[in-house]
Structures are given as structure tokens and as C-alpha cells.
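Source file: work-v6.txt. Holds: compact mmCIF, C-alpha atoms.
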```
# COMPACT_ATOMS: atom_id res chain seq x y z
CA MET A 145 0.00 0.00 0.00
CA THR A 146 2.79 2.44 0.86
CA PHE A 147 4.80 1.71 -2.27
CA GLY A 148 1.69 2.02 -4.42
CA SER A 149 0.88 5.33 -2.73
CA VAL A 150 4.36 6.66 -3.55
CA GLY A 151 3.88 5.74 -7.19
CA TYR A 152 0.42 7.28 -7.44
CA ILE A 153 1.56 10.54 -5.81
CA ALA A 154 4.49 10.79 -8.23
CA TYR A 155 2.11 10.06 -11.11
CA ALA A 156 -0.31 12.74 -9.88
CA PHE A 157 2.47 15.33 -9.68
CA LEU A 158 3.51 14.38 -13.21
CA ASN A 159 -0.05 14.95 -14.44
CA ILE A 160 -0.42 18.32 -12.71
CA PHE A 161 2.95 19.95 -13.27
CA VAL A 162 4.31 18.31 -16.43
CA LYS A 163 1.46 16.91 -18.52
CA LYS A 164 -1.04 19.58 -17.37
CA GLU A 165 -3.96 17.15 -17.32
CA LYS A 166 -6.29 15.26 -14.94
CA PHE A 167 -6.05 17.99 -12.30
CA PHE A 168 -9.05 17.00 -10.17
CA TRP A 169 -8.32 13.27 -9.95
CA SER A 170 -4.64 13.95 -9.42
CA ILE A 171 -5.37 16.21 -6.44
CA VAL A 172 -7.74 13.58 -5.02
CA MET A 173 -5.04 10.98 -5.54
CA ILE A 174 -2.43 13.09 -3.73
CA ILE A 175 -4.72 13.72 -0.75
CA PHE A 176 -5.85 10.10 -0.42
CA CYS A 177 -2.43 8.50 -0.89
CA GLY A 178 -0.77 11.16 1.27
CA PHE A 179 -3.17 10.31 4.09
CA LEU A 180 -2.37 6.61 3.70
CA LEU A 181 1.36 7.26 3.90
CA PHE A 182 0.96 9.49 6.94
CA ALA A 183 -1.18 6.89 8.70
CA ILE A 184 0.94 3.83 7.82
CA LYS A 185 4.59 4.88 7.30
CA VAL A 186 4.98 8.59 7.83
CA TYR A 187 8.75 8.61 7.20
CA ILE A 188 8.10 7.64 3.58
CA LEU A 189 5.90 10.72 3.19
CA LEU A 190 8.56 12.92 4.80
CA VAL A 191 11.22 11.93 2.28
CA LEU A 192 8.78 12.02 -0.65
CA VAL A 193 7.79 15.61 0.16
CA MET A 194 11.40 16.74 -0.11
CA ALA A 195 12.02 14.85 -3.38
CA LEU A 196 8.86 16.15 -5.05
CA LEU A 197 9.57 19.75 -4.11
CA ILE A 198 13.07 19.56 -5.56
CA TRP A 199 11.68 17.89 -8.68
CA GLN A 200 9.19 20.68 -9.30
CA PHE A 201 11.73 23.45 -8.72
CA ALA A 202 14.04 21.68 -11.16
CA GLU A 203 11.26 21.54 -13.77
CA VAL A 204 10.81 25.33 -13.45
CA ASN A 205 14.56 25.90 -13.66
CA LYS A 206 14.72 23.88 -16.89
CA LEU A 207 12.55 26.50 -18.64
CA ILE A 208 15.17 29.27 -18.23
CA GLU A 209 17.20 29.59 -21.44
CA ASN A 210 20.06 31.76 -20.18
CA LYS A 211 22.71 29.46 -18.64
CA THR A 212 23.92 32.02 -16.09
CA LEU A 213 20.43 32.80 -14.88
CA ARG A 214 19.63 29.11 -14.85
CA LYS A 215 22.59 28.37 -12.55
CA ILE A 216 21.68 31.24 -10.23
CA PHE A 217 18.04 30.21 -10.12
CA ALA A 218 19.04 26.56 -9.64
CA GLY A 219 21.02 27.46 -6.53
CA MET A 220 18.24 29.64 -5.17
CA THR A 221 15.46 27.17 -5.87
CA PHE A 222 17.45 24.25 -4.52
CA ALA A 223 18.13 26.12 -1.28
CA GLY A 224 14.51 27.28 -1.17
CA SER A 225 13.18 23.77 -1.73
CA ILE A 226 15.40 22.39 1.03
CA GLY A 227 14.16 25.13 3.38
CA LEU A 228 10.52 24.57 2.47
CA ALA A 229 10.92 20.82 2.77
CA PHE A 230 12.53 21.26 6.18
CA PHE A 231 9.61 23.43 7.32
CA LEU A 232 7.05 20.92 6.06
CA LEU A 233 8.88 18.01 7.63
CA GLN A 234 9.04 19.80 10.95
CA TYR A 235 5.32 20.57 10.68
CA LEU A 236 4.40 16.99 9.81
CA THR A 237 6.55 15.59 12.60
CA SER A 238 4.86 17.87 15.13
CA PHE A 239 1.97 15.40 15.19
CA GLU A 240 2.16 12.75 17.89
CA ALA A 241 2.26 9.85 15.43
CA ALA A 242 5.32 11.26 13.71
CA GLN A 243 7.32 12.78 16.55
CA GLN A 244 9.82 9.92 16.54
CA TYR A 245 11.01 11.10 13.10
CA GLN A 246 12.00 14.59 14.22
CA PHE A 247 15.60 15.42 13.39
CA ASP A 248 16.69 15.81 17.00
CA LYS A 249 15.32 12.36 17.88
CA PHE A 250 16.40 10.46 14.80
CA GLN A 251 19.98 9.91 15.93
CA GLY A 252 18.81 8.60 19.30
CA ASN A 253 16.42 6.18 17.59
CA ALA A 254 19.22 4.91 15.35
CA GLU A 255 21.53 4.29 18.33
CA TYR A 256 18.77 2.45 20.14
CA GLN A 257 18.10 0.22 17.13
CA ARG A 258 21.78 -0.67 16.74
CA GLN A 259 22.12 -1.50 20.44
CA MET A 260 18.97 -3.62 20.37
CA TYR A 261 20.19 -5.71 17.44
CA ALA A 262 23.64 -6.00 18.98
CA ASP A 263 22.05 -7.49 22.11
CA ILE A 264 20.07 -9.91 19.95
CA ALA A 265 23.23 -10.95 18.11
CA ARG A 266 25.06 -11.63 21.38
CA SER A 267 22.16 -13.62 22.78
CA THR A 268 21.98 -15.82 19.66
CA GLY A 269 25.71 -16.37 19.39
CA GLY A 270 26.19 -13.94 16.51
CA THR A 271 24.56 -16.18 13.90
CA ASP A 272 21.86 -13.75 12.77
CA SER A 273 22.02 -11.00 10.12
CA HIS A 274 23.10 -8.27 12.51
CA PHE A 275 25.36 -5.56 11.06
CA THR A 276 26.79 -2.21 12.16
CA ILE A 277 28.00 0.93 10.42
CA ASN A 278 30.67 1.54 13.09
CA THR A 279 30.89 5.34 12.93
CA SER A 280 29.45 8.41 14.61
CA ASN A 281 30.77 10.82 11.97
CA PRO A 282 27.74 12.30 10.11
CA ILE A 283 29.42 12.16 6.68
CA LEU A 284 30.60 8.58 7.13
CA MET A 285 27.19 7.67 8.51
CA VAL A 286 25.52 8.97 5.34
CA PHE A 287 27.95 6.96 3.22
CA GLY A 288 27.47 3.90 5.41
CA GLY A 289 23.68 4.18 5.29
CA ILE A 290 23.62 4.40 1.49
CA THR A 291 26.08 1.51 1.17
CA ALA A 292 24.07 -0.67 3.54
CA THR A 293 20.80 0.02 1.76
CA PHE A 294 21.85 -0.35 -1.86
CA PHE A 295 24.95 -2.57 -1.81
CA ARG A 296 24.76 -4.84 1.26
CA PRO A 297 24.74 -7.65 2.25
CA PHE A 298 28.01 -8.52 0.57
CA LEU A 299 28.63 -12.14 -0.35
CA TRP A 300 30.74 -12.82 2.75
CA GLU A 301 27.92 -11.50 4.95
CA VAL A 302 25.40 -14.06 3.68
CA ASN A 303 24.39 -16.73 6.18
CA SER A 304 21.04 -17.96 4.85
CA PRO A 305 19.27 -18.68 1.53
CA ILE A 306 17.03 -15.63 2.03
CA ALA A 307 20.06 -13.42 2.58
CA LEU A 308 21.50 -14.80 -0.67
CA LEU A 309 18.57 -13.30 -2.58
CA SER A 310 19.21 -9.92 -0.97
CA CYS A 311 22.88 -10.29 -1.85
CA ALA A 312 22.00 -10.94 -5.50
CA GLU A 313 19.88 -7.79 -5.57
CA SER A 314 22.54 -5.62 -3.91
CA SER A 315 25.25 -7.07 -6.16
CA LEU A 316 23.24 -6.03 -9.22
CA PHE A 317 22.99 -2.45 -7.96
CA LEU A 318 26.66 -2.38 -7.03
CA PHE A 319 27.78 -3.73 -10.40
CA LEU A 320 25.65 -1.30 -12.43
CA THR A 321 26.90 1.65 -10.36
CA LEU A 322 30.59 0.69 -10.50
CA PHE A 323 30.37 -0.23 -14.19
CA PHE A 324 29.13 3.27 -15.04
CA MET A 325 31.76 4.94 -12.87
CA TYR A 326 34.48 2.79 -14.44
CA LYS A 327 33.38 3.60 -17.99
CA LYS A 328 32.37 7.25 -17.59
CA GLY A 329 33.84 8.42 -14.29
CA VAL A 330 32.47 9.20 -10.85
CA LYS A 331 31.86 12.88 -11.64
CA LEU A 332 29.67 12.14 -14.66
CA PHE A 333 27.54 9.78 -12.59
CA PHE A 334 26.45 12.63 -10.33
CA THR A 335 26.36 15.40 -12.94
CA THR A 336 24.15 13.28 -15.17
CA ALA A 337 21.87 12.43 -12.26
CA PHE A 338 21.52 16.15 -11.47
CA SER A 339 21.04 17.21 -15.10
CA ASP A 340 17.40 16.15 -15.43
CA PRO A 341 14.50 16.79 -13.01
CA ARG A 342 13.35 13.16 -13.21
CA THR A 343 16.72 11.68 -12.34
CA LEU A 344 17.24 14.37 -9.69
CA MET A 345 13.98 13.44 -7.99
CA CYS A 346 14.91 9.75 -8.08
CA PHE A 347 18.37 10.54 -6.71
CA VAL A 348 17.05 12.66 -3.82
CA PHE A 349 14.31 10.24 -2.83
CA ALA A 350 16.48 7.14 -3.11
CA SER A 351 19.51 8.66 -1.36
CA VAL A 352 17.72 10.34 1.54
CA PHE A 353 15.52 7.31 2.07
CA ALA A 354 18.56 5.02 1.92
CA VAL A 355 20.35 7.04 4.59
CA ALA A 356 17.27 7.05 6.83
CA VAL A 357 16.68 3.29 6.75
CA GLY A 358 20.35 2.36 6.48
CA VAL A 359 21.50 4.09 9.66
CA SER A 360 18.37 3.19 11.65
CA SER A 361 18.46 -0.53 10.81
CA ALA A 362 21.05 -2.98 12.02
CA ASN A 363 19.55 -6.18 10.67
CA PHE A 364 19.55 -7.19 7.00
CA GLY A 365 16.15 -8.82 7.34
CA ALA A 366 14.54 -5.61 8.54
CA LEU A 367 16.52 -3.51 6.07
CA SER A 368 15.37 -5.65 3.13
CA ARG A 369 11.78 -4.66 3.98
CA TYR A 370 12.36 -1.02 4.84
CA LYS A 371 14.33 -0.25 1.67
CA ILE A 372 11.68 -1.51 -0.79
CA PRO A 373 10.25 1.95 -1.72
CA CYS A 374 13.62 3.45 -2.70
CA MET A 375 15.14 0.58 -4.68
CA PRO A 376 13.05 1.03 -7.88
CA PHE A 377 13.78 4.78 -7.84
CA TYR A 378 17.52 4.14 -7.70
CA LEU A 379 17.27 1.59 -10.52
CA ILE A 380 15.21 4.01 -12.66
CA MET A 381 17.84 6.70 -12.08
CA VAL A 382 20.66 4.35 -13.09
CA ILE A 383 18.84 3.24 -16.25
CA LEU A 384 18.18 6.86 -17.26
CA ILE A 385 21.75 8.06 -16.67
CA TYR A 386 23.07 5.13 -18.72
CA GLN A 387 20.83 6.34 -21.54
CA LYS A 388 21.76 10.00 -21.14
CA ALA A 389 25.49 9.26 -21.02
CA GLY A 390 25.24 7.06 -24.12
CA LEU A 391 26.57 4.02 -22.27
CA LYS A 392 25.30 0.62 -23.31
CA TYR A 393 24.05 -1.70 -20.62
CA PRO A 394 26.02 -4.88 -19.94
CA GLY A 395 24.82 -7.61 -22.30
CA TRP A 396 23.14 -9.72 -19.61
CA PHE A 397 21.32 -6.70 -18.17
CA ASN A 398 20.10 -5.70 -21.63
CA LYS A 399 18.48 -9.13 -21.90
CA VAL A 400 16.75 -8.57 -18.56
CA ILE A 401 15.45 -5.19 -19.76
CA ASP A 402 14.22 -6.71 -23.04
CA PHE A 403 12.40 -9.42 -21.11
CA ALA A 404 10.83 -7.05 -18.56
CA VAL A 405 10.03 -4.19 -20.96
CA PRO A 406 9.88 -5.16 -24.66
CA GLN A 407 11.50 -2.67 -27.05
CA GLN A 408 8.19 -1.52 -28.55
CA ARG A 409 6.84 -0.54 -25.10
CA ARG A 410 9.80 1.57 -23.92
CA ARG A 411 9.23 5.29 -23.47
CA PHE A 412 12.21 6.44 -21.36
```

As C-alpha cells - that is how I would like this structure written.
Amino acid sequence: MTFGSVGYIAYAFLNIFVKKEKFFWSIVMIIFCGFLLFAIKVYILLVLVMALLIWQFAEVNKLIENKTLRKIFAGMTFAGSIGLAFFLLQYLTSFEAAQQYQFDKFQGNAEYQRQMYADIARSTGGTDSHFTINTSNPILMVFGGITATFFRPFLWEVNSPIALLSCAESSLFLFLTLFFMYKKGVKLFFTTAFSDPRTLMCFVFASVFAVAVGVSSANFGALSRYKIPCMPFYLIMVILIYQKAGLKYPGWFNKVIDFAVPQQRRRF
């Protein structure tokens, strides 16, 4: 329900601000699905609000023809969207059901979660899927959260058949990311992701969501459930930046794409 709500809200924003159609039903869709997210998993709504605001500001910025003005407006709108998103997130988290997601409490919640899973690991002899990020540095914590969400468990961390499936998924994401960076460079990966409003929205939602669930989870089983909403957004971003950079997919991945989305049905 939450993942479907995320998709419908994104679709409604696309109808209103890009396609300029279906205004009434799109607004109804946003209200209904937004209520579902707030009632079921409010942290998904918090991250989605930020990503959608940045997406819409980027769409407006794209209309400016002068490059200098576009860069100035991009900086202003990006800062403004972050500020507005921060205000909305603080407002949403003022409700009792969402107070645990306030910024000043988030770090404490993450520490509690890690300690809880550490105790479980010790009580079970360390045979479960417990993991740690092992840092209190905010920058390293962001990097560790993203790595845990998208690229872990690594093969040597697998201890069950179920974990092997998660490892296969994370290995796919890791390979596609490193393959692009190897062929085109690390800088182009990020500049391409920021060059289009669609990929920017996917990047913001996937990255912020990955940090949130990555640093607050210390068990691969729980993480595999929490990260579901952001994984398709990251994959969509990667597919689009491959296309924009003119880089061909690896042969085996191209076969997967052809099977999942036949050539005649592709629109991206």
C-alpha cells in the first residue's frame, strides 16, 4: 500500500505539473495517498515531500534559457526547496504519530536500534544477520547508510538462503553503479543524475531514504523490507543516466530489460 501510494503521488504530480492534465483526480489521488502514507509509514511521506519539491523546482529551472540565470536560479530554488521541505517536515513531525522522526530524535532512535540488534546478536551467538555501520561521523554515517541500503549484504555477509537473494539484488545495484563509474567516471555519474528533473527526484528520494533506513536498521532482514520503496527509484535513475550518457548496458542486463520491458513498449 505504501509503495503504491508513492507511485500514485508521483504520477499525480507528473499529471499536474508536467502533462497539465487530470487535475481533479490527481489532487484527489495526492490527498488520499498522502493520508495513507501518513497513517501507515509517515517517514516515507517525509522523504517524498522533499524529493517532489526539488523535482518541481528543477522543472521550473529547466525553462530558463540563459545558462547564467539558470545556474543562479538553480542554486536559489534548490536552497529554497530544502528550506521549504525542512519546514514541512518539521510541521508533519509535530503530530504525535510522527514525533519519533523529528531530526533531533532520529539519531537517538538509530543508536537504540543498533544497540537492540547487537544485544540480539550476542544472545543468539552472533549467527543472525546483525550488522553495524561503526561510525558516529555524520558524513561517514551517510555513506554507510547508502552503502548498507543499496549494496549490502556482501557475499561474505550471507548466512542464509534468504540473505543470498538480498545479496543478488545488492550485487546487481553495485555492479551497475561501479560499471558506469568505471566507464564514464564518478563525476559524470552525479552530474548526469543532477542534469534532469526526473533523475534528480529519483536521486534525492532514493539517497535520503537510503540514509534514513540504512542508519536506523542494524539487521539485513529488517533492512530488506524497509528499503523496498527506494530501490526502484535508484534503478530508474541508473537506467536513465546510462541512456543520457550514451553508455550501453552490460549484455546480460540488456536481456533482462528486453524481457521485462519489450522494445516496442519503452518510453524512457

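Proximity of A:Arg369, A:Arg296, A:Lys206, A:Lys211 to Ser339 of chain A, computed with only C-alpha atoms, is greatest for A:Lys206.
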
Which one is closest to Ile290 of chain A: A:Val357, A:Leu332, A:Leu320, A:Ala195? Count all atoms listed in the file.
A:Val357

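Closest to Val286 of chain A among A:Gly358, A:Gly390, A:Pro305, A:Pro341 is A:Gly358, based on only C-alpha atoms.
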
Padding 4 Å on every side, please: axis-aligned box over the listed atoms of segment 148-157 of chain A, centre and edge lengths to one decimal in Å, as AutoDock Vina command-line options.
```
--center_x 2.1 --center_y 8.7 --center_z -6.9 --size_x 12.8 --size_y 21.3 --size_z 16.4
```

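By only C-alpha atoms, and with residues fewer than 3 positions from segment 380-382 of chain A along its chain excluded, the set lying at most 10 Å from it is Phe317, Leu320, Thr321, Phe324, Phe333, Thr336, Ala337, Arg342, Thr343, Leu344, Met345, Cys346, Phe347, Ala350, Met375, Pro376, Phe377, Ile385, Tyr386, Gln387, Lys388 and Phe412 of chain A.
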
Shell of 12 Å around Leu309 of chain A, all atoms listed in the file, local chain residues under 2 positions omitted, as JSON, numbers by chain
{"A": [296, 297, 298, 299, 302, 303, 304, 305, 306, 307, 311, 312, 313, 314, 315, 316, 364, 365, 368]}

Hey, can you check how far atom CA of Gly289 of chain A sits from atom CA of Val355 of chain A?
4.4 Å

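Remark: for Gln200 of chain A, the closest of the candidate residues A:Ala183, A:Ile175, A:Ala223, A:Val162 is A:Val162 (distances computed over all atoms listed in the file).
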
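Between atom CA of Ser361 of chain A and atom CA of Leu308 of chain A lies a distance of 18.6 Å.
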
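Interatomic distance, atom CA of Glu165 of chain A against atom CA of Leu196 of chain A: 17.8 Å.
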